[in-house]
$ cat final.cif   # mmCIF, C-alpha atoms and all ligand atoms
data_input
loop_
_atom_site.label_atom_id
_atom_site.label_comp_id
_atom_site.auth_asym_id
_atom_site.auth_seq_id
_atom_site.Cartn_x
_atom_site.Cartn_y
_atom_site.Cartn_z
CA MET A 121 60.90 -17.66 48.61
CA ARG A 122 62.07 -14.16 49.25
CA ALA A 123 62.00 -12.77 45.72
CA ALA A 124 58.37 -13.78 45.39
CA THR A 125 57.42 -10.96 47.72
CA GLY A 126 59.35 -8.46 45.62
CA ARG A 127 57.57 -5.99 43.43
CA ARG A 128 58.08 -7.97 40.26
CA TYR A 129 55.90 -10.75 41.62
CA MET A 130 53.18 -8.69 43.26
CA ALA A 131 51.27 -7.64 40.17
CA PRO A 132 47.54 -7.88 40.80
CA VAL A 133 46.06 -9.93 38.07
CA VAL A 134 42.84 -10.74 36.34
CA PHE A 135 42.57 -13.84 34.27
CA LEU A 136 40.95 -13.65 30.90
CA VAL A 137 39.65 -17.07 30.09
CA ALA A 138 40.77 -16.89 26.53
CA ALA A 139 42.43 -19.98 25.24
CA CYS A 140 44.92 -19.24 22.51
CA LEU A 141 47.47 -21.76 21.20
CA GLY A 142 46.68 -23.87 24.23
CA LEU A 143 47.59 -21.01 26.54
CA ILE A 144 45.49 -18.82 28.80
CA ALA A 145 45.68 -15.06 28.76
CA ILE A 146 46.26 -13.12 31.95
CA ARG A 147 45.84 -9.35 32.02
CA LEU A 148 47.97 -7.58 34.61
CA SER A 149 45.85 -4.54 35.32
CA ALA A 150 43.09 -5.14 37.84
CA PRO A 151 43.14 -3.45 41.26
CA ALA A 152 44.40 -5.55 44.13
CA GLY A 153 41.81 -7.79 45.70
CA THR A 154 39.64 -8.11 42.63
CA SER A 155 41.38 -11.10 41.14
CA SER A 156 38.95 -13.24 39.22
CA VAL A 157 41.26 -16.21 39.14
CA ALA A 158 38.15 -18.24 39.80
CA ASN A 159 34.61 -16.98 39.78
CA SER A 160 32.93 -16.78 43.16
CA GLN A 161 31.09 -20.06 42.68
CA ASP A 162 34.40 -21.82 42.47
CA ARG A 163 35.27 -20.87 46.03
CA LEU A 164 34.38 -23.07 48.92
CA ALA A 165 31.31 -22.08 50.85
CA GLY A 166 32.10 -20.19 54.03
CA GLN A 167 35.73 -19.60 53.15
CA GLU A 168 37.25 -16.14 53.29
CA SER A 169 40.15 -17.11 51.09
CA THR A 170 40.39 -15.86 47.54
CA THR A 171 42.09 -19.11 46.63
CA PRO A 172 40.20 -20.97 43.92
CA ALA A 173 38.96 -24.52 44.41
CA ILE A 174 40.21 -27.37 42.30
CA ARG A 175 38.21 -30.51 41.44
CA VAL A 176 40.22 -33.72 41.62
CA LEU A 177 38.89 -37.01 40.24
CA LEU A 178 39.68 -39.70 42.82
CA GLY A 179 40.77 -42.97 41.20
CA ARG A 180 38.63 -44.75 38.64
CA PRO A 181 34.83 -45.07 38.47
CA ARG A 182 33.72 -47.79 40.90
CA GLU A 183 30.63 -49.67 42.06
CA THR A 184 30.70 -48.54 45.68
CA LEU A 185 32.33 -45.79 47.68
CA ASP A 186 33.19 -45.84 51.41
CA VAL A 187 32.69 -42.43 52.99
CA GLN A 188 32.95 -41.14 56.54
CA VAL A 189 32.84 -37.69 58.15
CA ASP A 190 34.37 -37.12 61.61
CA GLY A 191 32.05 -34.23 62.43
CA PRO A 192 28.90 -32.42 61.28
CA TYR A 193 27.99 -32.92 57.63
CA TRP A 194 25.18 -32.46 55.16
CA ILE A 195 24.32 -33.82 51.73
CA THR A 196 22.70 -31.79 48.95
CA PRO A 197 21.95 -32.31 45.27
CA LEU A 198 24.93 -31.02 43.35
CA ASP A 199 22.83 -28.45 41.48
CA MET A 200 20.86 -27.30 44.56
CA PRO A 201 23.27 -26.59 47.43
CA THR A 202 20.53 -25.21 49.71
CA ARG A 203 18.34 -28.32 49.62
CA ILE A 204 19.46 -30.62 52.43
CA LEU A 205 18.83 -34.29 51.62
CA ALA A 206 20.53 -35.69 54.72
CA GLN A 207 22.58 -34.35 57.61
CA GLY A 208 24.00 -35.30 60.98
CA ASP A 209 26.62 -34.67 63.66
CA ARG A 210 28.84 -37.42 62.36
CA LEU A 211 28.76 -39.89 59.49
CA ALA A 212 30.05 -43.31 60.46
CA LYS A 213 31.65 -45.34 57.68
CA THR A 214 28.91 -45.58 55.05
CA VAL A 215 28.71 -47.24 51.66
CA VAL A 216 27.44 -45.21 48.70
CA ARG A 217 26.14 -47.08 45.66
CA SER A 218 24.10 -46.43 42.59
CA HIS A 219 20.33 -47.11 42.86
CA ARG A 220 17.66 -47.22 40.16
CA GLN A 221 15.98 -44.20 41.80
CA GLY A 222 19.18 -42.25 42.38
CA LEU A 223 21.99 -42.75 44.86
CA GLN A 224 21.90 -44.92 47.96
CA VAL A 225 23.83 -43.62 50.97
CA GLY A 226 23.81 -46.33 53.63
CA ASP A 227 20.14 -47.36 53.87
CA THR A 228 18.80 -44.09 52.51
CA VAL A 229 17.92 -43.67 48.85
CA LEU A 230 18.37 -40.10 47.62
CA PRO A 231 16.32 -39.22 44.51
CA VAL A 232 19.24 -37.61 42.65
CA ASP A 233 22.21 -38.98 40.74
CA GLN A 234 24.71 -36.27 41.67
CA ILE A 235 25.33 -35.25 45.27
CA GLN A 236 27.64 -33.06 47.25
CA LEU A 237 28.78 -34.26 50.69
CA VAL A 238 29.83 -31.25 52.75
CA ALA A 239 32.03 -31.73 55.80
CA HIS A 240 31.37 -28.73 58.05
CA ARG A 241 34.86 -28.88 59.53
CA ASP A 242 37.59 -28.91 56.89
CA GLY A 243 39.66 -32.09 56.79
CA THR A 244 37.12 -34.44 58.42
CA LEU A 245 36.06 -36.23 55.25
CA TRP A 246 37.25 -39.77 54.54
CA VAL A 247 36.93 -41.57 51.21
CA SER A 248 38.09 -45.16 51.58
CA LYS A 249 41.44 -44.97 53.37
CA ARG A 250 42.26 -41.34 52.68
CA ARG A 251 41.26 -38.22 54.56
CA TYR A 252 40.56 -35.14 52.49
CA ARG A 253 40.04 -31.45 52.95
CA GLY A 254 37.17 -29.81 51.09
CA GLN A 255 34.03 -31.54 49.90
CA LEU A 256 33.10 -34.65 48.00
CA ARG A 257 31.03 -34.80 44.86
CA VAL A 258 29.61 -38.12 43.73
CA PHE A 259 28.37 -38.60 40.17
CA THR A 260 26.65 -41.63 38.67
CA THR A 261 28.06 -42.61 35.30
CA ALA A 262 25.93 -43.85 32.39
CA ASP A 263 26.89 -47.45 33.21
CA GLY A 264 25.89 -47.18 36.85
CA LEU A 265 29.32 -46.63 38.36
CA LEU A 266 30.28 -43.88 40.79
CA ARG A 267 32.74 -41.11 40.11
CA ALA A 268 34.20 -39.41 43.21
CA ILE A 269 35.49 -35.86 42.94
CA ASN A 270 37.19 -33.95 45.75
CA ARG A 271 36.57 -30.21 45.51
CA VAL A 272 39.30 -28.61 47.57
CA ASP A 273 41.08 -25.34 48.13
CA LEU A 274 43.94 -25.21 45.60
CA GLU A 275 46.64 -24.44 48.16
CA SER A 276 45.54 -27.32 50.42
CA TYR A 277 45.62 -29.61 47.39
CA LEU A 278 49.18 -28.48 46.68
CA ALA A 279 50.31 -29.21 50.26
CA SER A 280 49.50 -32.85 49.48
CA VAL A 281 50.81 -32.87 45.90
CA VAL A 282 54.29 -31.66 46.84
CA SER A 283 54.51 -34.49 49.35
CA CYS A 284 53.47 -37.05 46.72
CA GLU A 285 55.67 -35.68 43.95
CA MET A 286 58.92 -34.95 45.79
CA PRO A 287 60.22 -36.59 48.99
CA PRO A 288 60.99 -34.53 52.11
CA SER A 289 64.67 -35.42 51.72
CA PHE A 290 64.89 -33.08 48.72
CA PRO A 291 66.14 -29.54 49.58
CA ASP A 292 63.57 -26.80 50.21
CA ALA A 293 64.45 -24.81 47.08
CA ALA A 294 63.73 -27.87 44.91
CA ARG A 295 60.40 -28.43 46.69
CA GLN A 296 59.48 -24.75 46.31
CA ALA A 297 60.19 -25.02 42.58
CA GLN A 298 58.13 -28.23 42.51
CA LEU A 299 55.23 -26.48 44.22
CA ILE A 300 55.24 -23.56 41.79
CA ALA A 301 55.38 -25.94 38.82
CA ALA A 302 52.54 -28.00 40.34
CA ARG A 303 50.41 -24.89 41.01
CA SER A 304 50.93 -23.64 37.45
CA TYR A 305 50.07 -27.08 36.06
CA ALA A 306 46.91 -27.26 38.17
CA MET A 307 45.69 -23.77 37.27
CA PHE A 308 46.36 -24.35 33.58
CA HIS A 309 44.16 -27.45 33.71
CA MET A 310 41.45 -25.68 35.72
CA LYS A 311 41.15 -23.16 32.89
CA THR A 312 41.42 -25.60 29.99
CA PHE A 313 40.39 -29.22 30.66
CA GLY A 314 38.27 -28.23 33.67
CA ALA A 315 36.24 -25.71 31.68
CA GLU A 316 34.64 -28.59 29.78
CA ASN A 317 34.61 -31.40 32.33
CA ASP A 318 33.27 -32.21 35.80
CA TRP A 319 36.83 -32.31 37.14
CA ASP A 320 40.08 -30.43 36.54
CA VAL A 321 42.78 -33.02 37.23
CA TYR A 322 43.29 -36.72 38.00
CA ASP A 323 44.81 -37.79 41.32
CA SER A 324 47.52 -39.89 39.65
CA SER A 325 50.59 -39.33 37.49
CA ARG A 326 48.15 -38.85 34.63
CA SER A 327 48.00 -35.32 36.12
CA GLN A 328 49.76 -34.97 39.48
CA ASN A 329 49.86 -37.43 42.37
CA TYR A 330 47.50 -36.43 45.21
CA ARG A 331 46.63 -38.58 48.21
CA GLY A 332 44.68 -36.15 50.38
CA ALA A 333 45.79 -34.93 53.80
CA GLU A 334 46.30 -38.35 55.41
CA GLU A 335 46.12 -42.01 54.47
CA ILE A 336 45.96 -45.38 56.19
CA ASP A 337 48.46 -47.92 54.88
CA GLN A 338 48.00 -51.68 54.56
CA GLN A 339 49.24 -52.20 58.12
CA GLY A 340 46.57 -49.81 59.39
CA ARG A 341 49.01 -47.02 60.22
CA HIS A 342 47.90 -43.42 59.79
CA LEU A 343 50.42 -41.55 57.63
CA ALA A 344 50.39 -37.80 57.15
CA VAL A 345 50.58 -36.72 53.51
CA GLU A 346 50.10 -33.03 54.16
CA THR A 347 52.64 -32.05 56.85
CA PRO A 348 53.74 -28.85 58.62
CA ALA A 349 56.72 -28.82 56.23
CA THR A 350 54.55 -28.98 53.11
CA GLN A 351 52.17 -26.38 54.55
CA ALA A 352 55.18 -24.08 55.12
CA LEU A 353 56.30 -24.59 51.51
CA VAL A 354 52.80 -23.64 50.37
CA GLU A 355 52.93 -20.43 52.43
CA GLN A 356 56.37 -19.55 51.06
CA THR A 357 55.08 -19.78 47.48
CA ARG A 358 51.37 -19.02 47.90
CA GLY A 359 49.72 -17.95 44.66
CA ILE A 360 52.94 -17.88 42.61
CA VAL A 361 52.77 -19.36 39.12
CA LEU A 362 54.90 -19.52 36.00
CA VAL A 363 53.71 -17.69 32.92
CA TYR A 364 54.97 -17.26 29.41
CA ARG A 365 54.09 -13.89 27.85
CA ASP A 366 51.61 -13.37 30.69
CA ARG A 367 49.84 -16.66 30.01
CA LEU A 368 49.72 -19.84 32.01
CA PHE A 369 51.16 -22.84 30.22
CA CYS A 370 51.26 -26.57 30.92
CA THR A 371 54.31 -26.85 33.18
CA TYR A 372 55.19 -30.48 32.64
CA TYR A 373 57.90 -31.96 34.84
CA SER A 374 59.44 -35.41 35.15
CA ALA A 375 61.70 -37.42 37.43
CA VAL A 376 64.97 -37.67 35.49
CA CYS A 377 65.70 -36.13 32.08
CA GLY A 378 68.86 -38.15 31.46
CA GLY A 379 71.06 -35.19 30.48
CA HIS A 380 68.77 -32.98 28.36
CA THR A 381 65.09 -32.21 28.86
CA ALA A 382 62.85 -33.35 26.02
CA THR A 383 61.26 -30.99 23.52
CA GLY A 384 57.65 -30.70 24.65
CA ALA A 385 56.25 -30.51 21.12
CA SER A 386 57.99 -33.74 20.13
CA VAL A 387 56.51 -35.65 23.08
CA PHE A 388 53.06 -34.08 23.44
CA GLY A 389 52.51 -32.65 19.97
CA GLN A 390 52.06 -29.15 21.36
CA ALA A 391 53.82 -27.28 24.12
CA ALA A 392 54.69 -23.70 25.04
CA PRO A 393 58.12 -22.31 24.06
CA PRO A 394 59.57 -22.66 27.61
CA LEU A 395 59.34 -26.43 27.03
CA SER A 396 61.74 -26.45 24.06
CA GLY A 397 64.32 -28.49 26.00
CA VAL A 398 67.49 -27.51 27.86
CA ALA A 399 70.74 -29.24 28.79
CA CYS A 400 70.83 -30.67 32.30
CA GLN A 401 74.14 -31.71 33.82
CA MET A 402 72.59 -32.16 37.24
CA CYS A 403 70.79 -35.53 37.31
CA GLY A 404 73.78 -37.85 36.88
CA GLU A 405 73.35 -39.35 40.35
CA ALA A 406 69.66 -40.13 39.85
CA PRO A 407 68.21 -43.61 39.59
CA ASN A 408 67.63 -44.48 35.93
CA TYR A 409 69.96 -41.75 34.66
CA ARG A 410 71.23 -44.62 32.50
CA TRP A 411 69.46 -47.97 32.42
CA GLN A 412 69.37 -51.36 30.72
CA ARG A 413 66.40 -53.68 30.26
CA GLU A 414 65.73 -56.88 28.35
CA LEU A 415 62.43 -58.00 26.83
CA SER A 416 61.56 -60.83 24.49
CA LEU A 417 60.52 -59.97 20.95
CA ALA A 418 57.33 -61.96 21.55
CA GLU A 419 56.47 -59.71 24.51
CA VAL A 420 56.90 -56.59 22.39
CA GLU A 421 54.89 -58.13 19.55
CA THR A 422 52.00 -58.99 21.89
CA GLY A 423 51.93 -55.45 23.28
CA LEU A 424 51.77 -53.95 19.81
CA LYS A 425 48.85 -56.10 18.61
CA PRO A 426 46.10 -53.55 19.43
CA TYR A 427 48.10 -50.82 17.69
CA PHE A 428 48.46 -52.78 14.44
CA GLN A 429 44.95 -54.26 14.56
CA SER A 430 43.32 -50.84 14.92
CA ARG A 431 45.23 -49.68 11.83
CA ALA A 432 44.68 -52.86 9.79
CA ILE A 433 48.43 -53.37 9.46
CA ASP A 434 49.82 -56.90 9.16
CA LEU A 435 53.45 -56.76 10.21
CA GLY A 436 53.76 -60.55 10.34
CA ARG A 437 56.10 -61.96 12.97
CA LEU A 438 58.24 -59.27 14.61
CA THR A 439 61.87 -60.09 13.81
CA THR A 440 63.73 -57.06 15.17
CA VAL A 441 63.45 -53.48 16.37
CA THR A 442 66.08 -50.84 15.68
CA VAL A 443 66.05 -47.30 17.00
CA THR A 444 67.55 -44.19 15.50
CA ASP A 445 68.44 -41.66 18.19
CA PRO A 446 68.33 -38.13 16.77
CA GLY A 447 69.98 -36.70 19.89
CA ALA A 448 69.12 -34.23 22.62
CA GLY A 449 65.47 -33.49 23.23
CA ILE A 450 63.95 -35.23 20.19
CA VAL A 451 61.87 -38.40 20.37
CA PRO A 452 63.72 -41.31 18.65
CA THR A 453 62.09 -43.36 15.89
CA ALA A 454 61.77 -47.13 16.15
CA LYS A 455 61.89 -49.28 13.03
CA LEU A 456 59.92 -52.49 13.51
CA VAL A 457 60.84 -55.18 11.04
CA GLY A 458 58.27 -57.92 10.59
CA SER A 459 58.13 -60.99 8.36
CA GLN A 460 55.51 -59.22 6.17
CA GLN A 461 56.51 -55.57 6.28
CA THR A 462 58.36 -52.82 8.14
CA HIS A 463 56.77 -50.06 10.18
CA ARG A 464 58.19 -46.94 11.88
CA MET A 465 56.83 -45.26 14.99
CA PRO A 466 58.08 -42.83 17.65
CA THR A 467 59.50 -44.59 20.72
CA THR A 468 56.82 -42.79 22.77
CA THR A 469 54.19 -44.86 20.91
CA LEU A 470 56.25 -48.05 21.22
CA ARG A 471 56.55 -47.46 24.95
CA GLU A 472 52.85 -46.67 25.34
CA TYR A 473 51.73 -49.89 23.69
CA ALA A 474 54.42 -52.45 24.39
CA LEU A 475 56.74 -51.16 27.09
CA ALA A 476 54.57 -49.34 29.65
CA GLY A 477 55.88 -50.11 33.12
CA LYS A 478 58.77 -52.09 31.60
CA VAL A 479 61.18 -49.35 30.58
CA PRO A 480 61.61 -46.06 32.48
CA SER A 481 61.51 -43.70 29.47
CA HIS A 482 61.17 -43.45 25.69
CA LEU A 483 64.84 -42.45 25.29
CA PHE A 484 66.55 -45.69 24.34
CA THR A 485 68.32 -47.66 21.65
CA THR A 486 67.93 -51.39 21.11
CA GLN A 487 70.10 -54.35 20.26
CA ALA A 488 68.72 -57.72 19.19
CA ALA A 489 70.24 -60.87 20.66
CA GLY A 490 68.34 -63.87 19.36
CA ASP A 491 64.74 -63.60 20.59
CA VAL A 492 65.67 -60.94 23.13
CA LEU A 493 65.75 -57.18 22.72
CA ARG A 494 68.26 -55.29 24.86
CA PHE A 495 67.23 -51.73 25.66
CA SER A 496 69.84 -49.15 26.66
CA GLY A 497 68.22 -45.95 27.81
CA ARG A 498 68.43 -42.74 29.73
CA GLY A 499 66.05 -40.86 31.99
CA TRP A 500 62.86 -41.64 33.88
CA GLY A 501 59.51 -40.30 32.73
CA HIS A 502 58.63 -38.20 29.68
CA GLY A 503 61.57 -35.84 30.25
CA VAL A 504 59.68 -32.61 29.45
CA GLY A 505 60.07 -29.52 31.67
CA MET A 506 61.66 -29.48 35.10
CA CYS A 507 63.93 -32.44 35.88
CA GLN A 508 63.13 -33.26 39.52
CA TRP A 509 66.48 -34.90 40.26
CA GLY A 510 68.26 -32.10 38.44
CA SER A 511 66.42 -29.55 40.57
CA ARG A 512 67.49 -31.50 43.67
CA ALA A 513 71.16 -31.17 42.67
CA MET A 514 70.77 -27.48 41.76
CA ALA A 515 69.20 -26.78 45.16
CA ALA A 516 71.92 -28.78 46.93
CA ARG A 517 74.61 -26.55 45.40
CA GLY A 518 72.74 -23.46 46.60
CA ASP A 519 70.54 -22.45 43.68
CA SER A 520 67.17 -20.87 44.52
CA ALA A 521 63.76 -22.04 43.39
CA ILE A 522 63.72 -19.11 40.97
CA ALA A 523 67.06 -20.16 39.44
CA ILE A 524 65.80 -23.73 39.07
CA LEU A 525 62.59 -22.63 37.34
CA GLU A 526 64.41 -20.15 35.11
CA HIS A 527 66.75 -22.94 34.02
CA TYR A 528 64.11 -25.55 33.22
CA TYR A 529 61.42 -23.18 31.86
CA PRO A 530 63.47 -20.54 29.99
CA GLN A 531 61.60 -17.41 28.82
CA SER A 532 58.97 -17.88 31.53
CA ARG A 533 58.54 -15.63 34.54
CA LEU A 534 56.89 -15.78 37.94
CA ILE A 535 53.82 -13.83 38.99
CA LYS A 536 51.57 -13.94 42.05
CA VAL A 537 47.92 -14.56 41.26
CA HIS A 538 46.21 -14.92 44.63
ZN ZN B 1 68.10 -33.84 34.33
#

$ encode --input "final.cif" --output "structure tokens" --more "lines below"
Ligand SMILES: [Zn+2]
Amino acid sequence: MRAATGRRYMAPVVFLVAACLGLIAIRLSAPAGTSSVANSQDRLAGQESTTPAIRVLLGRPRETLDVQVDGPYWITPLDMPTRILAQGDRLAKTVVRSHRQGLQVGDTVLPVDQIQLVAHRDGTLWVSKRRYRGQLRVFTTADGLLRAINRVDLESYLASVVSCEMPPSFPDAARQAQLIAARSYAMFHMKTFGAENDWDVYDSSRSQNYRGAEEIDQQGRHLAVETPATQALVEQTRGIVLVYRDRLFCTYYSAVCGGHTATGASVFGQAAPPLSGVACQMCGEAPNYRWQRELSLAEVETGLKPYFQSRAIDLGRLTTVTVTDPGAGIVPTAKLVGSQQTHRMPTTTLREYALAGKVPSHLFTTQAAGDVLRFSGRGWGHGVGMCQWGSRAMAARGDSAIAILEHYYPQSRLIKVH
């Protein structure tokens, strides 16, 4: 991305970890090379790079973990990285499980409940069917399950994320914009959520999809996730993030906005001003730009049971659902009419409880036909921030990554942080 090397984007920066309105302050005054984007402990041992490390929670807590290292490795307690508990030239596929005296790795019981598995050569670590760069941290939870966390160089993480979030068939400018949005999202979470937790992000769409450097599919084929193309995209955008008034913000993005991006505050309760919502005439060819679905009233009623039970509301039998669509960017309100009473809720809540995985977005209206509800909707995902299919069309007509980001995150600007 040529402009990223221009003067405007070369400001040396120091981060001030000062959360304010959900944003993080960045002061643009430190001499070059002294960036404290992450403190030194956050960098990977033995690495020259000034790139910070990100901690990614892999999947859900589980009873056992399959690990393997295709080269020299060592294991230390998490809080004592110089105390070697085990080491070797290669770790064949080994099962890790919780043990009453600590953690059991293969046949060996280690007297600690948090370990770090260090692969001497980057990218030789396997967890189940995925190969990762960086190191693995294993924590025992209070109920005896294992939590696996991959601590990895941020830019290597992004070379996988861009592959998982946007297919290689999308134009380079769209993928560059995707990478910058993903980097900004990751760094925002490192400074906010990560400051109070053992990990910074999830490896799913709960944060951003991440499947390591390589994975083995169900047919046993080895598939590259990180590729030379995604590595090149990382180099073209290395260290560039979006800021609003010199602060990182949560750069949400979604697949298809349906014609207008959603107002961040209406979907998430709080969002930075660049997420106020913009018109998008570019995603008309996307899947789920417009969609129809049908569900039975009984299905919706069953999904909503936990919601009403936890609030001690007795709606009675659900007889119909009507939706008022307030128009561009605002979350519609659903009116649920029951045999006992009527209740209103945002369609985001209705989708969360009763429609998850059944309708592509919360932007819909409904029509009752007997016991069936017909949903007519637009968009795919929460609709906040960059529209991925819109960015694809913008790039295809020749727009740059900068133009794409300026369109979907107005009032923000790009800076280089490492
Ligand atoms: Zn769109």

$ closest_residue --input "final.cif" --among "A:Gly490, A:Pro181, A:Gly436, A:Gly378" --to "A:Leu417" --atoms "all atoms listed in the file"
A:Gly490

$ residues_near_ligand --input "final.cif" --ligand "ligand ZN 1 (chain B)" --cutoff "10 Å" --atoms "all atoms listed in the file" --output "number ranges by chain"
A: 374-382, 398-406, 409, 499-500, 503-513, 528

$ closest_residue --input "final.cif" --among "A:Asp209, A:Asp190, A:Asp445, A:Glu421" --to "A:Val457" --atoms "all atoms listed in the file"
A:Glu421

$ closest_residue --input "final.cif" --among "A:Gln531, A:Thr196, A:Thr214, A:Ser520" --to "A:Ala294" --atoms "only C-alpha atoms"
A:Ser520

$ closest_residue --input "final.cif" --among "A:Gly226, A:Pro446, A:Gly423, A:Gly359" --to "A:Ala306" --atoms "all atoms listed in the file"
A:Gly359

$ residues_around --input "final.cif" --residues "A:Ala297" --least-positions-apart "5" --cutoff "7 Å" --atoms "only C-alpha atoms" --output "list in words"
Ala521, Ile524 and Leu525 of chain A

$ closest_residue --input "final.cif" --among "A:Trp411, A:Tyr427, A:Tyr373, A:Tyr473" --to "A:Arg494" --atoms "only C-alpha atoms"
A:Trp411

$ closest_residue --input "final.cif" --among "A:Asn270, A:Ser396, A:Thr170, A:Thr347" --to "A:Arg250" --atoms "all atoms listed in the file"
A:Asn270

$ atom_distance --input "final.cif" --atom1 "atom CA of A:Ala333" --atom2 "atom CA of A:Ser283"
9.8 Å

$ atom_distance --input "final.cif" --atom1 "atom CA of A:Ile433" --atom2 "atom CA of A:Leu470"
15.1 Å

$ residues_near_point --input "final.cif" --point "(23.8, -38.5, 41.7)" --cutoff "10 Å" --atoms "all atoms listed in the file" --output "PDB file with C-alpha atoms, in the frame of the given file"
ATOM      1  CA  THR A 196      22.700 -31.790  48.950  1.00  0.00           C
ATOM      2  CA  PRO A 197      21.950 -32.310  45.270  1.00  0.00           C
ATOM      3  CA  LEU A 198      24.930 -31.020  43.350  1.00  0.00           C
ATOM      4  CA  ARG A 217      26.140 -47.080  45.660  1.00  0.00           C
ATOM      5  CA  SER A 218      24.100 -46.430  42.590  1.00  0.00           C
ATOM      6  CA  HIS A 219      20.330 -47.110  42.860  1.00  0.00           C
ATOM      7  CA  GLN A 221      15.980 -44.200  41.800  1.00  0.00           C
ATOM      8  CA  GLY A 222      19.180 -42.250  42.380  1.00  0.00           C
ATOM      9  CA  LEU A 223      21.990 -42.750  44.860  1.00  0.00           C
ATOM     10  CA  GLN A 224      21.900 -44.920  47.960  1.00  0.00           C
ATOM     11  CA  LEU A 230      18.370 -40.100  47.620  1.00  0.00           C
ATOM     12  CA  PRO A 231      16.320 -39.220  44.510  1.00  0.00           C
ATOM     13  CA  VAL A 232      19.240 -37.610  42.650  1.00  0.00           C
ATOM     14  CA  ASP A 233      22.210 -38.980  40.740  1.00  0.00           C
ATOM     15  CA  GLN A 234      24.710 -36.270  41.670  1.00  0.00           C
ATOM     16  CA  ILE A 235      25.330 -35.250  45.270  1.00  0.00           C
ATOM     17  CA  GLN A 236      27.640 -33.060  47.250  1.00  0.00           C
ATOM     18  CA  ARG A 257      31.030 -34.800  44.860  1.00  0.00           C
ATOM     19  CA  VAL A 258      29.610 -38.120  43.730  1.00  0.00           C
ATOM     20  CA  PHE A 259      28.370 -38.600  40.170  1.00  0.00           C
ATOM     21  CA  THR A 260      26.650 -41.630  38.670  1.00  0.00           C
ATOM     22  CA  THR A 261      28.060 -42.610  35.300  1.00  0.00           C
ATOM     23  CA  LEU A 266      30.280 -43.880  40.790  1.00  0.00           C
ATOM     24  CA  ARG A 267      32.740 -41.110  40.110  1.00  0.00           C
TER      25      ARG A 267
END

$ residues_near_point --input "final.cif" --point "(21.0, -36.4, 52.8)" --cutoff "9 Å" --atoms "only C-alpha atoms" --output "PyMOL selection string"
chain A and resi 194-197+204-208+225+228-230+235+237

$ residues_around --input "final.cif" --residues "A:Val176" --least-positions-apart "5" --cutoff "10 Å" --atoms "all atoms listed in the file" --output "list in words"
Leu256, Arg257, Ala268, Ile269, Asn270, Arg271, Val272, Tyr277, Ala306, Gly314, Asp318, Trp319, Asp320, Val321, Tyr322, Asp323, Ser324, Ser327, Gln328 and Tyr330 of chain A

$ residues_around --input "final.cif" --residues "A:Leu493" --least-positions-apart "4" --cutoff "6 Å" --atoms "only C-alpha atoms" --output "PDB file with C-alpha atoms, keeping the file's coordinate frame"
ATOM      1  CA  GLU A 414      65.730 -56.880  28.350  1.00  0.00           C
ATOM      2  CA  LEU A 415      62.430 -58.000  26.830  1.00  0.00           C
ATOM      3  CA  SER A 416      61.560 -60.830  24.490  1.00  0.00           C
ATOM      4  CA  GLN A 487      70.100 -54.350  20.260  1.00  0.00           C
ATOM      5  CA  ALA A 488      68.720 -57.720  19.190  1.00  0.00           C
TER       6      ALA A 488
END

$ atom_distance --input "final.cif" --atom1 "atom CA of A:Arg210" --atom2 "atom CA of A:Asp186"
14.5 Å

$ build_atoms --input "final.cif" --residues "stretch 382-391 of chain A" --atoms "N, CA and C atoms" --output "PDB file, in the coordinates of the input"
ATOM      1  N   ALA A 382      63.415 -33.057  27.339  1.00  0.00           N
ATOM      2  CA  ALA A 382      62.850 -33.350  26.020  1.00  0.00           C
ATOM      3  C   ALA A 382      62.102 -32.132  25.472  1.00  0.00           C
ATOM      4  N   THR A 383      62.027 -32.051  24.166  1.00  0.00           N
ATOM      5  CA  THR A 383      61.260 -30.990  23.520  1.00  0.00           C
ATOM      6  C   THR A 383      59.776 -31.322  23.661  1.00  0.00           C
ATOM      7  N   GLY A 384      59.049 -30.428  24.331  1.00  0.00           N
ATOM      8  CA  GLY A 384      57.650 -30.700  24.650  1.00  0.00           C
ATOM      9  C   GLY A 384      56.824 -31.035  23.414  1.00  0.00           C
ATOM     10  N   ALA A 385      57.051 -30.289  22.330  1.00  0.00           N
ATOM     11  CA  ALA A 385      56.250 -30.510  21.120  1.00  0.00           C
ATOM     12  C   ALA A 385      56.497 -31.896  20.550  1.00  0.00           C
ATOM     13  N   SER A 386      57.715 -32.428  20.714  1.00  0.00           N
ATOM     14  CA  SER A 386      57.990 -33.740  20.130  1.00  0.00           C
ATOM     15  C   SER A 386      57.357 -34.860  20.955  1.00  0.00           C
ATOM     16  N   VAL A 387      57.121 -34.623  22.231  1.00  0.00           N
ATOM     17  CA  VAL A 387      56.510 -35.650  23.080  1.00  0.00           C
ATOM     18  C   VAL A 387      54.989 -35.516  23.111  1.00  0.00           C
ATOM     19  N   PHE A 388      54.506 -34.277  23.255  1.00  0.00           N
ATOM     20  CA  PHE A 388      53.060 -34.080  23.440  1.00  0.00           C
ATOM     21  C   PHE A 388      52.368 -33.450  22.225  1.00  0.00           C
ATOM     22  N   GLY A 389      53.135 -33.211  21.164  1.00  0.00           N
ATOM     23  CA  GLY A 389      52.510 -32.650  19.970  1.00  0.00           C
ATOM     24  C   GLY A 389      52.406 -31.144  20.022  1.00  0.00           C
ATOM     25  N   GLN A 390      52.207 -30.614  21.214  1.00  0.00           N
ATOM     26  CA  GLN A 390      52.060 -29.150  21.360  1.00  0.00           C
ATOM     27  C   GLN A 390      52.540 -28.775  22.740  1.00  0.00           C
ATOM     28  N   ALA A 391      53.347 -27.748  22.815  1.00  0.00           N
ATOM     29  CA  ALA A 391      53.820 -27.280  24.120  1.00  0.00           C
ATOM     30  C   ALA A 391      54.305 -25.857  23.976  1.00  0.00           C
TER      31      ALA A 391
END
